[in-house]
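To start, the structure itself, in structure tokens.
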Amino acid sequence: MIGIGDVRQAASRLDGVAHRTPAITARSLGTGVWLKAENLQRVGAFKFRGAYNAICSLSEVERSRGVVTASSGNHAQAVALAARLLGARATVLMPADAPASKRAATEGYGAQVVEFDRYADDREALLDAWAADHGAVVVHPYDDERVMAGQGTVALELLEQAPGVATIVVPIGGGGLVSGCATVAGAEGVRVVGVEPEAGDDVRRSLAAGKRVRIPVPQTIADGQQLDTPGEKTFEVIRRLVDEVVTVSDDEIVDAMRFAFERLKLVLEPSGATGLAAWLAGRTGGGRTGIVLSGGNVDAARFAALMSR
């Protein structure tokens, strides 16, 4: 388990490297609502925080072996950029159907991309096999304490920027972001609501069962949340510290993306909009609320297609 001290240490490593993203308010949201705009983070998503903290934590010998991860896009870009900044080689196992813009950005940062089939291949097995065969260090997208601590700096900043917040609303994929944020929120007595797409509610089902369950890989526009089971480490934190998990439909996600674009002048990818979607749908409770907008990596063609739904 990570603690608030791990998150503060991560914040020290990230100081001057990651952006301190704004906590945005708007009249259209009413009073007492803040949006933590991680779509404005380096690589366009919160993932840079965890990836940089993890790779920065490695020894020189470990970095010389190179790093490897598996990701559909945002963590891939984050690992690629963090590795370049810290002088390490990076390999990314990426689903063949990942958004082309995310693959292009990952390769642009200098990483090698190896494709796999997200619906047929075992991602974890592929990752472990690559690391064993090539001697690389795994930087897991979420099930890594260093990654979780780095992601927790989102909440650390938000609570400084928006004093008096009673609830933080956080998208859930593998659970790294919500685990880190819940670690900070738990230390401050702040409620945490996690948000999943309706088609990919593996965390909500796992909480109901009292153990990790596996579902078919979900068909949802929220590609960053297309996971079939929670992380082993992250689930323990979620079970202990997250107060509630709610879901949103793909149509509600699109509505939130449109609201952010038209009313707030913010571009969000589907996964980045799920927290706002839950708030707009009235599923997160009342009171002073901070909502994490986790990413904005969506190309113009896909954004236009989604807006025309």
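Chain lettering (A, B, ...) mirrors the order of the structure tokens, residue numbering begins at 1 for each chain separately, and ligand numbering begins at 1 in order of display.
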Practice item. Give me the residues within 8 Å of segment 185-194 of chain A as a VMD selection string, counting only C-alpha atoms and dropping any in the same chain fewer than 4 places off. Key: chain A and resid 4 155 165 to 172 178 181 241 to 246 275 284
Output N, CA and C atoms for every residue in that selection, as a PDB file, in the first residue's frame.
```pdb
ATOM      1  N   ILE A   4       0.432   8.753   2.038  1.00  0.00           N
ATOM      2  CA  ILE A   4       0.503  10.147   1.627  1.00  0.00           C
ATOM      3  C   ILE A   4       1.956  10.587   1.462  1.00  0.00           C
ATOM      4  N   ALA A 155      -4.636  14.713  -7.042  1.00  0.00           N
ATOM      5  CA  ALA A 155      -5.490  15.097  -5.908  1.00  0.00           C
ATOM      6  C   ALA A 155      -4.760  16.023  -4.949  1.00  0.00           C
ATOM      7  N   VAL A 165     -13.115  21.271  -0.671  1.00  0.00           N
ATOM      8  CA  VAL A 165     -13.774  20.253  -1.492  1.00  0.00           C
ATOM      9  C   VAL A 165     -14.153  19.058  -0.626  1.00  0.00           C
ATOM     10  N   ALA A 166     -15.390  18.592  -0.770  1.00  0.00           N
ATOM     11  CA  ALA A 166     -15.865  17.460   0.029  1.00  0.00           C
ATOM     12  C   ALA A 166     -15.824  16.148  -0.743  1.00  0.00           C
ATOM     13  N   THR A 167     -15.846  16.229  -2.087  1.00  0.00           N
ATOM     14  CA  THR A 167     -15.875  15.030  -2.930  1.00  0.00           C
ATOM     15  C   THR A 167     -14.943  15.222  -4.115  1.00  0.00           C
ATOM     16  N   ILE A 168     -14.192  14.164  -4.442  1.00  0.00           N
ATOM     17  CA  ILE A 168     -13.407  14.145  -5.674  1.00  0.00           C
ATOM     18  C   ILE A 168     -13.977  13.054  -6.570  1.00  0.00           C
ATOM     19  N   VAL A 169     -14.228  13.400  -7.827  1.00  0.00           N
ATOM     20  CA  VAL A 169     -14.776  12.462  -8.804  1.00  0.00           C
ATOM     21  C   VAL A 169     -13.650  12.084  -9.763  1.00  0.00           C
ATOM     22  N   VAL A 170     -13.398  10.772  -9.891  1.00  0.00           N
ATOM     23  CA  VAL A 170     -12.211  10.304 -10.607  1.00  0.00           C
ATOM     24  C   VAL A 170     -12.575   9.176 -11.575  1.00  0.00           C
ATOM     25  N   PRO A 171     -12.182   9.284 -12.856  1.00  0.00           N
ATOM     26  CA  PRO A 171     -12.372   8.147 -13.770  1.00  0.00           C
ATOM     27  C   PRO A 171     -11.568   6.930 -13.317  1.00  0.00           C
ATOM     28  N   ILE A 172     -12.113   5.732 -13.559  1.00  0.00           N
ATOM     29  CA  ILE A 172     -11.412   4.493 -13.217  1.00  0.00           C
ATOM     30  C   ILE A 172     -11.188   3.665 -14.470  1.00  0.00           C
ATOM     31  N   VAL A 178      -7.312   6.550  -9.483  1.00  0.00           N
ATOM     32  CA  VAL A 178      -8.225   6.622  -8.348  1.00  0.00           C
ATOM     33  C   VAL A 178      -7.553   6.135  -7.066  1.00  0.00           C
ATOM     34  N   CYS A 181      -5.343   9.089  -5.927  1.00  0.00           N
ATOM     35  CA  CYS A 181      -6.188  10.182  -5.454  1.00  0.00           C
ATOM     36  C   CYS A 181      -6.881   9.826  -4.145  1.00  0.00           C
ATOM     37  N   LEU A 241     -10.590   2.545   0.251  1.00  0.00           N
ATOM     38  CA  LEU A 241     -10.645   3.999   0.334  1.00  0.00           C
ATOM     39  C   LEU A 241     -11.657   4.685  -0.580  1.00  0.00           C
ATOM     40  N   VAL A 242     -12.138   4.009  -1.622  1.00  0.00           N
ATOM     41  CA  VAL A 242     -13.095   4.652  -2.532  1.00  0.00           C
ATOM     42  C   VAL A 242     -14.504   4.451  -1.996  1.00  0.00           C
ATOM     43  N   ASP A 243     -15.257   5.535  -1.894  1.00  0.00           N
ATOM     44  CA  ASP A 243     -16.566   5.490  -1.244  1.00  0.00           C
ATOM     45  C   ASP A 243     -17.658   4.918  -2.139  1.00  0.00           C
ATOM     46  N   GLU A 244     -17.574   5.189  -3.437  1.00  0.00           N
ATOM     47  CA  GLU A 244     -18.639   4.748  -4.349  1.00  0.00           C
ATOM     48  C   GLU A 244     -18.087   4.685  -5.763  1.00  0.00           C
ATOM     49  N   VAL A 245     -18.606   3.748  -6.551  1.00  0.00           N
ATOM     50  CA  VAL A 245     -18.283   3.669  -7.976  1.00  0.00           C
ATOM     51  C   VAL A 245     -19.589   3.725  -8.756  1.00  0.00           C
ATOM     52  N   VAL A 246     -19.661   4.655  -9.719  1.00  0.00           N
ATOM     53  CA  VAL A 246     -20.860   4.819 -10.536  1.00  0.00           C
ATOM     54  C   VAL A 246     -20.466   4.628 -11.999  1.00  0.00           C
ATOM     55  N   GLY A 275     -15.797  11.481 -15.645  1.00  0.00           N
ATOM     56  CA  GLY A 275     -16.089  12.114 -14.363  1.00  0.00           C
ATOM     57  C   GLY A 275     -17.079  13.249 -14.512  1.00  0.00           C
ATOM     58  N   THR A 284     -23.031  11.909  -8.589  1.00  0.00           N
ATOM     59  CA  THR A 284     -21.863  12.023  -7.708  1.00  0.00           C
ATOM     60  C   THR A 284     -22.165  12.655  -6.358  1.00  0.00           C
TER      61      THR A 284
END
```
**Study point:** Neighbour list for segment 68-74 of chain A as a VMD selection string, cut-off 9 Å, only C-alpha atoms, skip fewer than 5 positions in-chain
**Key:** chain A and resid 43 to 48 79 89 to 99 101 to 103 105 to 106 123 to 124 126 to 127 130 to 131 136 to 141 223 to 224 226 295 297
Review point. Excluding same-chain residues fewer than 5 positions from Arg240 of chain A, what lies within 12 Å of it counting only C-alpha atoms, as JSON, numbers by chain?
Key: {"A": [1, 178, 179, 182, 183, 186, 192, 207, 210, 233, 234, 235]}
Emit the selected residues as a compact mmCIF listing (two decimals), in the first residue's frame, including C-alpha atoms.
```
# COMPACT_ATOMS: atom_id res chain seq x y z
CA MET A 1 0.00 0.00 0.00
CA VAL A 178 -8.23 6.62 -8.35
CA SER A 179 -5.92 4.71 -5.98
CA ALA A 182 -8.01 8.14 -2.79
CA THR A 183 -4.78 7.85 -0.80
CA GLY A 186 -8.47 9.53 2.63
CA VAL A 192 -14.04 9.74 -3.49
CA LEU A 207 -16.60 -4.50 -5.22
CA GLY A 210 -15.78 -8.74 -2.66
CA LYS A 233 -2.77 -3.71 -6.02
CA THR A 234 -5.16 -0.98 -7.05
CA PHE A 235 -8.23 -3.01 -6.12
```
Review point. Between atom CA of Ala82 of chain A and atom CA of Asp121 of chain A, what is the distance, to one decimal in Å?
Key: 26.7 Å
Check your understanding: If you count only C-alpha atoms, which residues fall within 10 Å of Ser206 of chain A, apart from same-chain ones fewer than 6 positions away, as JSON, numbers by chain?
Key -> {"A": [212, 213, 214, 215, 229, 230, 235, 239]}
Determine which residues of segment 86-278 of chain A receive a DSSP assignment of strand (DSSP E), computed from the backbone, and state them as a PDB file with N, CA and C atoms, in the first residue's frame.
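Generated file (selection-v3.pdb):
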```
ATOM      1  N   ALA A  90      12.556   2.741 -24.396  1.00  0.00           N
ATOM      2  CA  ALA A  90      11.180   2.370 -24.047  1.00  0.00           C
ATOM      3  C   ALA A  90      10.569   1.523 -25.147  1.00  0.00           C
ATOM      4  N   THR A  91       9.887   0.440 -24.736  1.00  0.00           N
ATOM      5  CA  THR A  91       9.098  -0.387 -25.638  1.00  0.00           C
ATOM      6  C   THR A  91       7.663  -0.394 -25.123  1.00  0.00           C
ATOM      7  N   VAL A  92       6.711  -0.276 -26.042  1.00  0.00           N
ATOM      8  CA  VAL A  92       5.299  -0.249 -25.663  1.00  0.00           C
ATOM      9  C   VAL A  92       4.548  -1.326 -26.430  1.00  0.00           C
ATOM     10  N   LEU A  93       3.876  -2.220 -25.695  1.00  0.00           N
ATOM     11  CA  LEU A  93       2.955  -3.171 -26.301  1.00  0.00           C
ATOM     12  C   LEU A  93       1.606  -2.467 -26.407  1.00  0.00           C
ATOM     13  N   MET A  94       1.126  -2.321 -27.627  1.00  0.00           N
ATOM     14  CA  MET A  94      -0.063  -1.488 -27.860  1.00  0.00           C
ATOM     15  C   MET A  94      -1.103  -2.270 -28.664  1.00  0.00           C
ATOM     16  N   PRO A  95      -2.386  -2.199 -28.264  1.00  0.00           N
ATOM     17  CA  PRO A  95      -3.428  -2.862 -29.050  1.00  0.00           C
ATOM     18  C   PRO A  95      -3.419  -2.388 -30.498  1.00  0.00           C
ATOM     19  N   GLN A 112       9.602   2.219 -29.102  1.00  0.00           N
ATOM     20  CA  GLN A 112       9.291   1.150 -30.039  1.00  0.00           C
ATOM     21  C   GLN A 112       7.902   0.623 -29.710  1.00  0.00           C
ATOM     22  N   VAL A 113       7.034   0.477 -30.723  1.00  0.00           N
ATOM     23  CA  VAL A 113       5.682  -0.025 -30.513  1.00  0.00           C
ATOM     24  C   VAL A 113       5.576  -1.449 -31.066  1.00  0.00           C
ATOM     25  N   VAL A 114       5.035  -2.356 -30.245  1.00  0.00           N
ATOM     26  CA  VAL A 114       4.786  -3.746 -30.639  1.00  0.00           C
ATOM     27  C   VAL A 114       3.291  -3.985 -30.499  1.00  0.00           C
ATOM     28  N   GLU A 115       2.632  -4.387 -31.581  1.00  0.00           N
ATOM     29  CA  GLU A 115       1.179  -4.559 -31.565  1.00  0.00           C
ATOM     30  C   GLU A 115       0.750  -5.872 -30.920  1.00  0.00           C
ATOM     31  N   PHE A 116      -0.485  -5.850 -30.335  1.00  0.00           N
ATOM     32  CA  PHE A 116      -1.146  -7.083 -29.916  1.00  0.00           C
ATOM     33  C   PHE A 116      -2.642  -6.913 -30.076  1.00  0.00           C
ATOM     34  N   VAL A 137      12.703  -3.436 -17.654  1.00  0.00           N
ATOM     35  CA  VAL A 137      11.960  -3.205 -16.416  1.00  0.00           C
ATOM     36  C   VAL A 137      10.525  -2.838 -16.763  1.00  0.00           C
ATOM     37  N   VAL A 138       9.565  -3.515 -16.157  1.00  0.00           N
ATOM     38  CA  VAL A 138       8.151  -3.239 -16.423  1.00  0.00           C
ATOM     39  C   VAL A 138       7.711  -1.970 -15.691  1.00  0.00           C
ATOM     40  N   THR A 167     -15.846  16.229  -2.087  1.00  0.00           N
ATOM     41  CA  THR A 167     -15.875  15.030  -2.930  1.00  0.00           C
ATOM     42  C   THR A 167     -14.943  15.222  -4.115  1.00  0.00           C
ATOM     43  N   ILE A 168     -14.192  14.164  -4.442  1.00  0.00           N
ATOM     44  CA  ILE A 168     -13.407  14.145  -5.674  1.00  0.00           C
ATOM     45  C   ILE A 168     -13.977  13.054  -6.570  1.00  0.00           C
ATOM     46  N   VAL A 169     -14.228  13.400  -7.827  1.00  0.00           N
ATOM     47  CA  VAL A 169     -14.776  12.462  -8.804  1.00  0.00           C
ATOM     48  C   VAL A 169     -13.650  12.084  -9.763  1.00  0.00           C
ATOM     49  N   VAL A 170     -13.398  10.772  -9.891  1.00  0.00           N
ATOM     50  CA  VAL A 170     -12.211  10.304 -10.607  1.00  0.00           C
ATOM     51  C   VAL A 170     -12.575   9.176 -11.575  1.00  0.00           C
ATOM     52  N   PRO A 171     -12.182   9.284 -12.856  1.00  0.00           N
ATOM     53  CA  PRO A 171     -12.372   8.147 -13.770  1.00  0.00           C
ATOM     54  C   PRO A 171     -11.568   6.930 -13.317  1.00  0.00           C
ATOM     55  N   ARG A 191     -14.380  12.586   0.415  1.00  0.00           N
ATOM     56  CA  ARG A 191     -15.076  11.470  -0.230  1.00  0.00           C
ATOM     57  C   ARG A 191     -14.571  11.292  -1.660  1.00  0.00           C
ATOM     58  N   VAL A 192     -14.495  10.034  -2.130  1.00  0.00           N
ATOM     59  CA  VAL A 192     -14.044   9.738  -3.493  1.00  0.00           C
ATOM     60  C   VAL A 192     -15.114   8.930  -4.214  1.00  0.00           C
ATOM     61  N   VAL A 193     -15.486   9.405  -5.413  1.00  0.00           N
ATOM     62  CA  VAL A 193     -16.414   8.686  -6.284  1.00  0.00           C
ATOM     63  C   VAL A 193     -15.656   8.306  -7.555  1.00  0.00           C
ATOM     64  N   GLY A 194     -15.595   7.018  -7.850  1.00  0.00           N
ATOM     65  CA  GLY A 194     -14.984   6.548  -9.076  1.00  0.00           C
ATOM     66  C   GLY A 194     -16.019   6.389 -10.162  1.00  0.00           C
ATOM     67  N   VAL A 195     -15.608   6.554 -11.430  1.00  0.00           N
ATOM     68  CA  VAL A 195     -16.543   6.488 -12.554  1.00  0.00           C
ATOM     69  C   VAL A 195     -16.006   5.547 -13.618  1.00  0.00           C
ATOM     70  N   GLU A 196     -16.866   4.612 -14.045  1.00  0.00           N
ATOM     71  CA  GLU A 196     -16.550   3.683 -15.122  1.00  0.00           C
ATOM     72  C   GLU A 196     -17.586   3.819 -16.234  1.00  0.00           C
ATOM     73  N   PRO A 197     -17.249   3.406 -17.474  1.00  0.00           N
ATOM     74  CA  PRO A 197     -18.277   3.291 -18.511  1.00  0.00           C
ATOM     75  C   PRO A 197     -19.206   2.126 -18.196  1.00  0.00           C
ATOM     76  N   GLU A 244     -17.574   5.189  -3.437  1.00  0.00           N
ATOM     77  CA  GLU A 244     -18.639   4.748  -4.349  1.00  0.00           C
ATOM     78  C   GLU A 244     -18.087   4.685  -5.763  1.00  0.00           C
ATOM     79  N   VAL A 245     -18.606   3.748  -6.551  1.00  0.00           N
ATOM     80  CA  VAL A 245     -18.283   3.669  -7.976  1.00  0.00           C
ATOM     81  C   VAL A 245     -19.589   3.725  -8.756  1.00  0.00           C
ATOM     82  N   VAL A 246     -19.661   4.655  -9.719  1.00  0.00           N
ATOM     83  CA  VAL A 246     -20.860   4.819 -10.536  1.00  0.00           C
ATOM     84  C   VAL A 246     -20.466   4.628 -11.999  1.00  0.00           C
ATOM     85  N   THR A 247     -21.477   4.492 -12.861  1.00  0.00           N
ATOM     86  CA  THR A 247     -21.206   4.292 -14.286  1.00  0.00           C
ATOM     87  C   THR A 247     -21.914   5.350 -15.132  1.00  0.00           C
ATOM     88  N   VAL A 248     -21.401   5.513 -16.357  1.00  0.00           N
ATOM     89  CA  VAL A 248     -22.012   6.426 -17.323  1.00  0.00           C
ATOM     90  C   VAL A 248     -22.072   5.721 -18.675  1.00  0.00           C
TER      91      VAL A 248
END
```
Practice item. Find the residues near Glu62 of chain A: any atom within 12 Å, counting only C-alpha atoms, skip ones fewer than 2 places away on the same chain, and give them as an MDAnalysis selection string. Key: chainID A and resid 54:60 64:68 83 86:89 135:139
Point to revise | Polymer residues at most 7 Å from Ser271 of chain A, only C-alpha atoms, same-chain spacing of 2 or more positions, as number ranges by chain | key: A: 222-225, 269, 273-274
Please dump the current selection as a PDB file, in the first residue's frame; keep N, CA and C atoms.
```
ATOM      1  N   ALA A 222     -14.805   4.773 -24.595  1.00  0.00           N
ATOM      2  CA  ALA A 222     -13.780   5.162 -23.627  1.00  0.00           C
ATOM      3  C   ALA A 222     -12.625   4.162 -23.675  1.00  0.00           C
ATOM      4  N   ASP A 223     -11.773   4.299 -24.703  1.00  0.00           N
ATOM      5  CA  ASP A 223     -10.721   3.292 -24.922  1.00  0.00           C
ATOM      6  C   ASP A 223      -9.737   3.208 -23.771  1.00  0.00           C
ATOM      7  N   GLY A 224      -9.553   4.278 -23.040  1.00  0.00           N
ATOM      8  CA  GLY A 224      -8.649   4.241 -21.890  1.00  0.00           C
ATOM      9  C   GLY A 224      -9.207   3.469 -20.715  1.00  0.00           C
ATOM     10  N   GLN A 225     -10.470   3.067 -20.801  1.00  0.00           N
ATOM     11  CA  GLN A 225     -11.108   2.311 -19.723  1.00  0.00           C
ATOM     12  C   GLN A 225     -11.605   0.945 -20.198  1.00  0.00           C
ATOM     13  N   GLU A 269     -10.955  13.663 -24.315  1.00  0.00           N
ATOM     14  CA  GLU A 269     -11.174  12.357 -24.920  1.00  0.00           C
ATOM     15  C   GLU A 269     -12.282  11.663 -24.136  1.00  0.00           C
ATOM     16  N   ALA A 273     -13.624  12.338 -20.024  1.00  0.00           N
ATOM     17  CA  ALA A 273     -14.885  13.031 -19.761  1.00  0.00           C
ATOM     18  C   ALA A 273     -15.827  12.268 -18.843  1.00  0.00           C
ATOM     19  N   THR A 274     -15.457  11.060 -18.408  1.00  0.00           N
ATOM     20  CA  THR A 274     -16.417  10.247 -17.662  1.00  0.00           C
ATOM     21  C   THR A 274     -16.767  10.854 -16.299  1.00  0.00           C
TER      22      THR A 274
END
```
Practice item. Quick one: pick out all alpha helix (DSSP H) residues within segment 72-153 of chain A from a backbone DSSP run and write them as a count of residues only. Key: 43
Practice item. Check the smallest atom-to-atom distance from each of A:Met307, A:Ala256, A:Leu156, A:Val147 to Ala23 of chain A using only C-alpha atoms, then report the winner. Key: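 Closest candidate: A:Leu156.
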Check your understanding: For Asp144 of chain A, which of A:Asp255, A:Glu232, A:Asp201, A:Asp15 is the closest residue, counting only C-alpha atoms?
Key ->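 Among the listed residues, A:Glu232 lies closest to Asp144 of chain A.
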Exercise for review: Name the closest residue to Arg13 of chain A among the candidates A:Lys36, A:Arg146, A:His75, A:Arg84; distances are taken between atoms, counting only C-alpha atoms.
Suggested key: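 For Arg13 of chain A, the nearest of the candidates is A:Arg146.
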Exercise for review: With a distance cut-off of 6 Å and only C-alpha atoms, select the neighbouring residues of Gly152 of chain A, excluding the residue or stretch itself and same-chain residues fewer than 2 positions from it, and output the selection as number ranges by chain.
Suggested key: A: 7, 149-150, 154-155, 180-181
Point to revise | Of the listed residues A:Ala111, A:Leu268, A:Ala304, A:Val254, that which approaches Leu35 of chain A most closely, counting only C-alpha atoms | key: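 Among A:Ala111, A:Leu268, A:Ala304, A:Val254, it is A:Leu268 that comes nearest to Leu35 of chain A.
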Review point. With only C-alpha atoms as the atoms that count, which of A:Arg63, A:Arg49, A:Arg205, A:Arg309 lies nearest to Val17 of chain A?
Key: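 The closest residue to Val17 of chain A is A:Arg49.
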Review point. Which distance in Å separates atom CA of Phe303 of chain A and atom CA of Glu252 of chain A, to one decimal?
Key: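 One can read the atom CA of Phe303 of chain A to atom CA of Glu252 of chain A distance as 14.7 Å.
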**Study point:** d(atom CA of Glu157 of chain A, atom CA of Gln41 of chain A) in Å
**Key:**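 Value for the atom CA of Glu157 of chain A-atom CA of Gln41 of chain A distance: 12.8 Å.
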